[in-house]
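Participant: Before we start, here is the structure in question, set down as structure tokens.
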Amino acid sequence: MILYIAIILITLIVDQLSKIWAAGLGLFHDIPVISGFFHITYVQNTGMAWSLLSGQQGLLALVAAVAIGFMIWYLHTKKPGKLTGVAISFMIAGAAGNLIDRLWLNYVRDFLNFYIFGYDFPVFNVADMALCIGVGLLFIATWKEEKDGKTDVDRK
């Protein structure tokens, strides 16, 4: 459990500090780090990915809070395997990082901007990366468990 708490806290700290740093650069600045590939572009996102549900902060905050509560309950009561626990920890940290922004600022601070094969990918942040890493690890953990013939049901 200490590993999971450490992942959550470290990820949250890195997320919030990086958002503070990016906000200090100024709104809507576009700073090329690797021109045409990676830029720091600070934006205030009132939606979720691709600005879906823009302006629905209450709904997005409620969904995030419920998801975080469920994931904490799952970690505490179900005692998942280590990889699943790490995955869920990253997902909790990512959801919490963006929830903090929604509750305090009424928007999420995004600043990582990639241009992939000419496509301007939506601007994102460390919390979004944590969510994606967590989901990816969860897929791997699930695949490994199915391959090994083990599931959470089998652990009881």
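The way I read the labels, and the way they are meant: chains A, B, ... in the order of the structure tokens, residue 1 as the first residue of every chain, and ligand 1 as the first ligand shown, with later ones counted on from there.
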List as a Markdown table every residue of segment 28-106 of chain A that is in contact with segment 118-135 of chain A, defined as an atom at most 10 Å from one of its atoms (using only C-alpha atoms), together with the nearest atom pair and the distance in Å rounded to one decimal, sorted by chain and then rising number.
Facilitator:
```
| residue | atom | partner | partner_atom | distance |
| --- | --- | --- | --- | --- |
| A:Gly36 | CA | A:Gly118 | CA | 8.1 |
| A:Phe37 | CA | A:Gly118 | CA | 8.4 |
| A:Phe38 | CA | A:Asp120 | CA | 9.7 |
| A:His39 | CA | A:Val123 | CA | 9.4 |
| A:Ile40 | CA | A:Val123 | CA | 8.8 |
| A:Thr41 | CA | A:Val123 | CA | 7.3 |
| A:Tyr42 | CA | A:Val123 | CA | 8.2 |
| A:Val43 | CA | A:Val123 | CA | 7.7 |
| A:Gln44 | CA | A:Val123 | CA | 9.8 |
| A:Asn45 | CA | A:Val123 | CA | 9.0 |
| A:Met48 | CA | A:Phe124 | CA | 9.7 |
| A:Ala49 | CA | A:Pro122 | CA | 7.3 |
| A:Trp50 | CA | A:Pro122 | CA | 6.0 |
| A:Ser51 | CA | A:Pro122 | CA | 8.6 |
| A:Leu83 | CA | A:Gly134 | CA | 9.6 |
| A:Thr84 | CA | A:Gly134 | CA | 8.6 |
| A:Gly85 | CA | A:Gly134 | CA | 9.4 |
| A:Val86 | CA | A:Gly134 | CA | 7.4 |
| A:Ala87 | CA | A:Gly134 | CA | 4.1 |
| A:Ile88 | CA | A:Gly134 | CA | 6.0 |
| A:Ser89 | CA | A:Gly134 | CA | 7.3 |
| A:Phe90 | CA | A:Gly134 | CA | 4.9 |
| A:Met91 | CA | A:Leu131 | CA | 4.5 |
| A:Ile92 | CA | A:Leu131 | CA | 7.7 |
| A:Ala93 | CA | A:Ala127 | CA | 6.8 |
| A:Gly94 | CA | A:Ala127 | CA | 3.9 |
| A:Ala95 | CA | A:Ala127 | CA | 6.8 |
| A:Ala96 | CA | A:Ala127 | CA | 7.9 |
| A:Gly97 | CA | A:Ala127 | CA | 5.5 |
| A:Asn98 | CA | A:Ala127 | CA | 6.3 |
| A:Leu99 | CA | A:Ala127 | CA | 9.6 |
```
Participant: For the residues in the current selection, export N, CA and C atoms as a tab-separated table (two decimals), in the first residue's frame.
Facilitator:
```tsv
chain	number	residue	atom	x	y	z
A	36	GLY	N	7.99	22.28	-34.45
A	36	GLY	CA	7.18	21.44	-35.31
A	36	GLY	C	6.85	20.07	-34.73
A	37	PHE	N	7.33	19.79	-33.50
A	37	PHE	CA	7.04	18.49	-32.87
A	37	PHE	C	6.51	18.65	-31.44
A	38	PHE	N	7.23	19.41	-30.59
A	38	PHE	CA	6.85	19.56	-29.20
A	38	PHE	C	6.94	21.02	-28.78
A	39	HIS	N	5.82	21.55	-28.30
A	39	HIS	CA	5.75	22.93	-27.84
A	39	HIS	C	5.13	22.97	-26.45
A	40	ILE	N	5.48	23.99	-25.68
A	40	ILE	CA	4.80	24.28	-24.42
A	40	ILE	C	3.75	25.34	-24.77
A	41	THR	N	2.49	24.95	-24.65
A	41	THR	CA	1.38	25.83	-25.00
A	41	THR	C	0.38	25.81	-23.85
A	42	TYR	N	0.40	26.84	-23.03
A	42	TYR	CA	-0.47	26.88	-21.86
A	42	TYR	C	-1.89	27.25	-22.27
A	43	VAL	N	-2.85	26.40	-21.91
A	43	VAL	CA	-4.26	26.68	-22.17
A	43	VAL	C	-5.08	26.31	-20.92
A	44	GLN	N	-6.24	26.92	-20.82
A	44	GLN	CA	-7.17	26.61	-19.74
A	44	GLN	C	-8.34	25.85	-20.35
A	45	ASN	N	-8.44	24.58	-20.01
A	45	ASN	CA	-9.41	23.68	-20.62
A	45	ASN	C	-10.62	23.52	-19.68
A	48	MET	N	-13.01	18.12	-21.16
A	48	MET	CA	-12.10	16.99	-20.97
A	48	MET	C	-11.34	16.82	-22.27
A	49	ALA	N	-10.92	15.63	-22.62
A	49	ALA	CA	-10.15	15.39	-23.84
A	49	ALA	C	-10.87	15.97	-25.05
A	50	TRP	N	-10.11	16.63	-25.89
A	50	TRP	CA	-10.63	17.27	-27.10
A	50	TRP	C	-11.74	18.27	-26.77
A	51	SER	N	-11.70	18.83	-25.56
A	51	SER	CA	-12.67	19.82	-25.07
A	51	SER	C	-14.10	19.30	-25.05
A	83	LEU	N	0.82	-5.02	-10.28
A	83	LEU	CA	0.71	-4.23	-11.50
A	83	LEU	C	-0.64	-3.53	-11.59
A	84	THR	N	-1.70	-4.22	-11.21
A	84	THR	CA	-3.03	-3.60	-11.19
A	84	THR	C	-3.07	-2.47	-10.16
A	85	GLY	N	-2.47	-2.66	-9.02
A	85	GLY	CA	-2.43	-1.63	-8.00
A	85	GLY	C	-1.66	-0.40	-8.45
A	86	VAL	N	-0.53	-0.61	-9.13
A	86	VAL	CA	0.25	0.50	-9.66
A	86	VAL	C	-0.58	1.24	-10.72
A	87	ALA	N	-1.24	0.49	-11.58
A	87	ALA	CA	-2.08	1.10	-12.63
A	87	ALA	C	-3.17	1.97	-12.00
A	88	ILE	N	-3.85	1.44	-11.02
A	88	ILE	CA	-4.93	2.18	-10.36
A	88	ILE	C	-4.37	3.41	-9.64
A	89	SER	N	-3.19	3.28	-9.07
A	89	SER	CA	-2.57	4.43	-8.39
A	89	SER	C	-2.32	5.57	-9.36
A	90	PHE	N	-1.80	5.26	-10.54
A	90	PHE	CA	-1.60	6.30	-11.55
A	90	PHE	C	-2.93	6.92	-11.98
A	91	MET	N	-3.95	6.09	-12.11
A	91	MET	CA	-5.27	6.59	-12.51
A	91	MET	C	-5.86	7.50	-11.42
A	92	ILE	N	-5.70	7.12	-10.16
A	92	ILE	CA	-6.18	7.98	-9.06
A	92	ILE	C	-5.45	9.32	-9.10
A	93	ALA	N	-4.12	9.28	-9.24
A	93	ALA	CA	-3.34	10.52	-9.26
A	93	ALA	C	-3.75	11.42	-10.42
A	94	GLY	N	-3.94	10.84	-11.60
A	94	GLY	CA	-4.33	11.63	-12.76
A	94	GLY	C	-5.70	12.26	-12.58
A	95	ALA	N	-6.64	11.47	-12.13
A	95	ALA	CA	-7.99	12.00	-11.91
A	95	ALA	C	-7.97	13.07	-10.82
A	96	ALA	N	-7.21	12.85	-9.76
A	96	ALA	CA	-7.14	13.81	-8.66
A	96	ALA	C	-6.45	15.11	-9.09
A	97	GLY	N	-5.40	15.00	-9.89
A	97	GLY	CA	-4.69	16.19	-10.36
A	97	GLY	C	-5.60	17.12	-11.15
A	98	ASN	N	-6.39	16.55	-12.03
A	98	ASN	CA	-7.32	17.39	-12.80
A	98	ASN	C	-8.52	17.82	-11.97
A	99	LEU	N	-8.93	16.99	-11.01
A	99	LEU	CA	-10.03	17.37	-10.12
A	99	LEU	C	-9.65	18.59	-9.27
```
Participant: Based on the backbone DSSP call, show me all residues of chain A assigned strand (DSSP E), as a list of chain:residue names.
Facilitator: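 Those residues are A:Asp30, A:Ile31, A:Pro32, A:Val33, A:Ile34, A:Phe38, A:His39, A:Ile40, A:Thr41, A:Tyr42, A:Val43, A:Gln44, A:Asn45, A:Val108, A:Arg109, A:Asp110, A:Phe111, A:Leu112, A:Asn113, A:Phe114, A:Tyr115, A:Ile116, A:Tyr119, A:Asp120.
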Participant: Under the rule that only C-alpha atoms are counted, which of A:Lys147, A:Asp110, A:Ile116, A:Ala141 is the nearest residue to Ser35 of chain A?
Facilitator: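 Nearest to Ser35 of chain A: A:Ile116.
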Participant: Report the closest atom pair, with its distance in Å rounded to one decimal, for each residue of segment 73-113 of chain A that has an atom no farther than 12 Å from segment 53-59 of chain A; count only C-alpha atoms, sort by chain and then rising residue number, and write it as a tab-separated table.
Facilitator:
```
residue	atom	partner	partner_atom	distance
A:Asn98	CA	A:Gln57	CA	10.8
A:Leu99	CA	A:Gln57	CA	9.4
A:Ile100	CA	A:Gln57	CA	11.5
A:Asp101	CA	A:Gln57	CA	10.1
A:Arg102	CA	A:Gln57	CA	6.4
A:Leu103	CA	A:Gln57	CA	8.2
A:Trp104	CA	A:Gln57	CA	10.9
A:Leu105	CA	A:Gln57	CA	10.0
A:Asn106	CA	A:Gln57	CA	6.4
A:Tyr107	CA	A:Gln57	CA	7.3
A:Val108	CA	A:Gln57	CA	9.6
```
Participant: Output as a PyMOL selection string all residues of segment 1-138 of chain A that backbone DSSP marks as alpha helix (DSSP H).
Facilitator: chain A and resi 2-25+57-78+82-105+126-138
Participant: Go through A:Gly81, A:Ile20, A:Phe117, A:Gly69 one by one, measure the shortest atom-to-atom distance of each to Leu138 of chain A using only C-alpha atoms, and give the residue with the smallest value.
Facilitator: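 Ranking A:Gly81, A:Ile20, A:Phe117, A:Gly69 by distance to Leu138 of chain A, first place goes to A:Gly81.
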Participant: Quick one: of A:Trp143, A:Ile7, A:Asp148, A:Asn113, who's nearest to Ala22 of chain A, counting only C-alpha atoms?
Facilitator: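 Between A:Trp143, A:Ile7, A:Asp148, A:Asn113, the residue approaching Ala22 of chain A most closely is A:Asn113.
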